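Student: Structure incoming, see below.
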Amino acid sequence: MKKYLFLSLLSVFLLSCNKVTEMNIIGEWKVISYVEDGVTYPETTTTIYHFKSDGVLEVTVDGGSPTTSSYSVDESNQTITVNSAVWTVIEKKGISLKIQYTVGNYTIQLNMEKQ
């Protein structure tokens, strides 16, 4: 019985770790690749998304001056809203995060790793 209880608790913990929350998004995320029209391209610049605990997002490209925006996380819908743009969380596993944004017929997916 203890074994089943332990396995149940472990699976709940592991499943909750694979969802974006206000806490596990905080930090610096480096874009490693992006997907356009179903084709994956390697990131050719060093682009860092820094999600701060106060709802501020700083995006830095190649060490330049950061662009600042506000963000919020909707844990139930697994979305991240940056200013008014809603990004859908495709996958969150450990240090890996994949988010997707669609406007009209254009869709882009960013594949990131936590730094």
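Numbering starts fresh at 1 for the residues of each chain in the structure tokens, the chains themselves are lettered A, B, ... in the order given, and ligands are numbered from 1 as they appear.
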Taking only residues of range 40-65 of chain A that have an atom at most 9 Å from an atom of range 109-115 of chain A, what is each one's shortest atom pair and its distance in Å to one decimal, using only C-alpha atoms, in chain and number order, as a Markdown table?
Tutor:
```
| residue | atom | partner | partner_atom | distance |
| --- | --- | --- | --- | --- |
| A:Thr40 | CA | A:Gln109 | CA | 8.9 |
| A:Ile48 | CA | A:Met112 | CA | 8.9 |
| A:Tyr49 | CA | A:Met112 | CA | 8.9 |
```
Student: Any chance you can output those residues with C-alpha atoms as a PDB file, in the first residue's frame?
Tutor:
```pdb
ATOM      1  CA  THR A  40      13.184  23.923 -37.322  1.00  0.00           C
ATOM      2  CA  ILE A  48      17.743  35.480 -23.728  1.00  0.00           C
ATOM      3  CA  TYR A  49      14.236  35.809 -22.279  1.00  0.00           C
TER       4      TYR A  49
END
```
Student: Select from range 67-112 of chain A every residue with an atom at most 12 Å from any atom of range 21-35 of chain A, then for each give the shortest pair of atoms and their distance in Å to one decimal, using only C-alpha atoms, rows by chain and rising number, as a tab-separated table.
Tutor:
```
residue	atom	partner	partner_atom	distance
A:Tyr71	CA	A:Glu22	CA	10.2
A:Ser72	CA	A:Glu22	CA	7.8
A:Val73	CA	A:Glu22	CA	5.9
A:Asp74	CA	A:Thr21	CA	7.8
A:Glu75	CA	A:Thr21	CA	5.6
A:Ser76	CA	A:Thr21	CA	9.1
A:Asn77	CA	A:Thr21	CA	10.7
A:Gln78	CA	A:Thr21	CA	8.2
A:Thr79	CA	A:Thr21	CA	9.6
A:Ile80	CA	A:Ile25	CA	9.5
A:Thr81	CA	A:Glu22	CA	11.9
A:Val89	CA	A:Thr21	CA	10.7
A:Lys92	CA	A:Ile25	CA	9.6
A:Lys93	CA	A:Asn24	CA	10.7
A:Gly94	CA	A:Asn24	CA	9.4
A:Ile95	CA	A:Trp29	CA	8.7
A:Ser96	CA	A:Trp29	CA	8.8
A:Leu97	CA	A:Trp29	CA	8.3
A:Lys98	CA	A:Tyr34	CA	9.0
A:Ile99	CA	A:Tyr34	CA	9.6
A:Gln100	CA	A:Val35	CA	8.9
A:Tyr101	CA	A:Val35	CA	10.6
A:Thr102	CA	A:Val35	CA	11.8
A:Tyr106	CA	A:Val35	CA	11.0
A:Thr107	CA	A:Val35	CA	8.3
A:Ile108	CA	A:Val35	CA	5.7
A:Gln109	CA	A:Val35	CA	5.0
A:Leu110	CA	A:Tyr34	CA	4.5
A:Asn111	CA	A:Ser33	CA	5.2
A:Met112	CA	A:Val31	CA	4.3
```
Student: Could you save the residues just selected, with C-alpha atoms, as a PDB file, in the first residue's frame?
Tutor:
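Printed below is result34.pdb as written:
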```pdb
ATOM      1  CA  TYR A  71       4.072  39.196 -18.792  1.00  0.00           C
ATOM      2  CA  SER A  72       1.617  36.975 -16.976  1.00  0.00           C
ATOM      3  CA  VAL A  73       1.149  33.216 -16.740  1.00  0.00           C
ATOM      4  CA  ASP A  74      -2.204  31.471 -17.013  1.00  0.00           C
ATOM      5  CA  GLU A  75      -1.474  28.140 -15.348  1.00  0.00           C
ATOM      6  CA  SER A  76      -4.856  26.552 -16.159  1.00  0.00           C
ATOM      7  CA  ASN A  77      -4.674  27.334 -19.901  1.00  0.00           C
ATOM      8  CA  GLN A  78      -0.871  26.960 -20.081  1.00  0.00           C
ATOM      9  CA  THR A  79      -0.343  30.325 -21.764  1.00  0.00           C
ATOM     10  CA  ILE A  80       2.083  33.202 -21.281  1.00  0.00           C
ATOM     11  CA  THR A  81       0.816  36.654 -22.196  1.00  0.00           C
ATOM     12  CA  VAL A  89       2.995  26.500 -23.957  1.00  0.00           C
ATOM     13  CA  LYS A  92       7.637  22.253 -20.487  1.00  0.00           C
ATOM     14  CA  LYS A  93      10.006  19.486 -19.411  1.00  0.00           C
ATOM     15  CA  GLY A  94      12.720  20.207 -16.870  1.00  0.00           C
ATOM     16  CA  ILE A  95      14.919  22.929 -18.364  1.00  0.00           C
ATOM     17  CA  SER A  96      13.177  22.766 -21.755  1.00  0.00           C
ATOM     18  CA  LEU A  97      10.366  25.134 -22.765  1.00  0.00           C
ATOM     19  CA  LYS A  98       8.547  25.333 -26.107  1.00  0.00           C
ATOM     20  CA  ILE A  99       6.099  28.173 -26.705  1.00  0.00           C
ATOM     21  CA  GLN A 100       4.077  29.041 -29.800  1.00  0.00           C
ATOM     22  CA  TYR A 101       2.504  32.248 -31.076  1.00  0.00           C
ATOM     23  CA  THR A 102       0.035  32.470 -33.955  1.00  0.00           C
ATOM     24  CA  TYR A 106       1.753  32.908 -39.316  1.00  0.00           C
ATOM     25  CA  THR A 107       2.933  30.651 -36.482  1.00  0.00           C
ATOM     26  CA  ILE A 108       6.295  30.662 -34.739  1.00  0.00           C
ATOM     27  CA  GLN A 109       7.518  28.333 -32.046  1.00  0.00           C
ATOM     28  CA  LEU A 110      10.450  29.148 -29.785  1.00  0.00           C
ATOM     29  CA  ASN A 111      12.441  26.290 -28.260  1.00  0.00           C
ATOM     30  CA  MET A 112      14.287  27.417 -25.127  1.00  0.00           C
TER      31      MET A 112
END
```
Student: Using only C-alpha atoms, find the one residue out of A:Ser70, A:Ser65, A:Glu91, A:Ala85 that sits nearest to Ser53 in chain A.
Tutor: A:Ser70
Student: Taking only chain A into account, list the residues labelled strand (DSSP E or B) by DSSP (computed from the backbone), as number ranges by chain.
Tutor: A: 27-36, 39-42, 47-51, 56-61, 67-74, 79-82, 85-93, 96-103, 106-114
Student: May I ask for the distance between CA of Thr47 in chain A and CA of Gly63 in chain A, given in Å to one decimal place?
Tutor: 8.2 Å
Student: To one decimal place, how far is CA of Ser84 in chain A from CA of Asp37 in chain A in Å?
Tutor: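 Atom-to-atom, CA of Ser84 in chain A and CA of Asp37 in chain A are spaced 23.1 Å apart.
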Student: Quick one: of A:Asn83, A:Thr67, A:Gly104, A:Asp62, who's nearest to Thr44 in chain A, counting only C-alpha atoms?
Tutor: A:Asp62
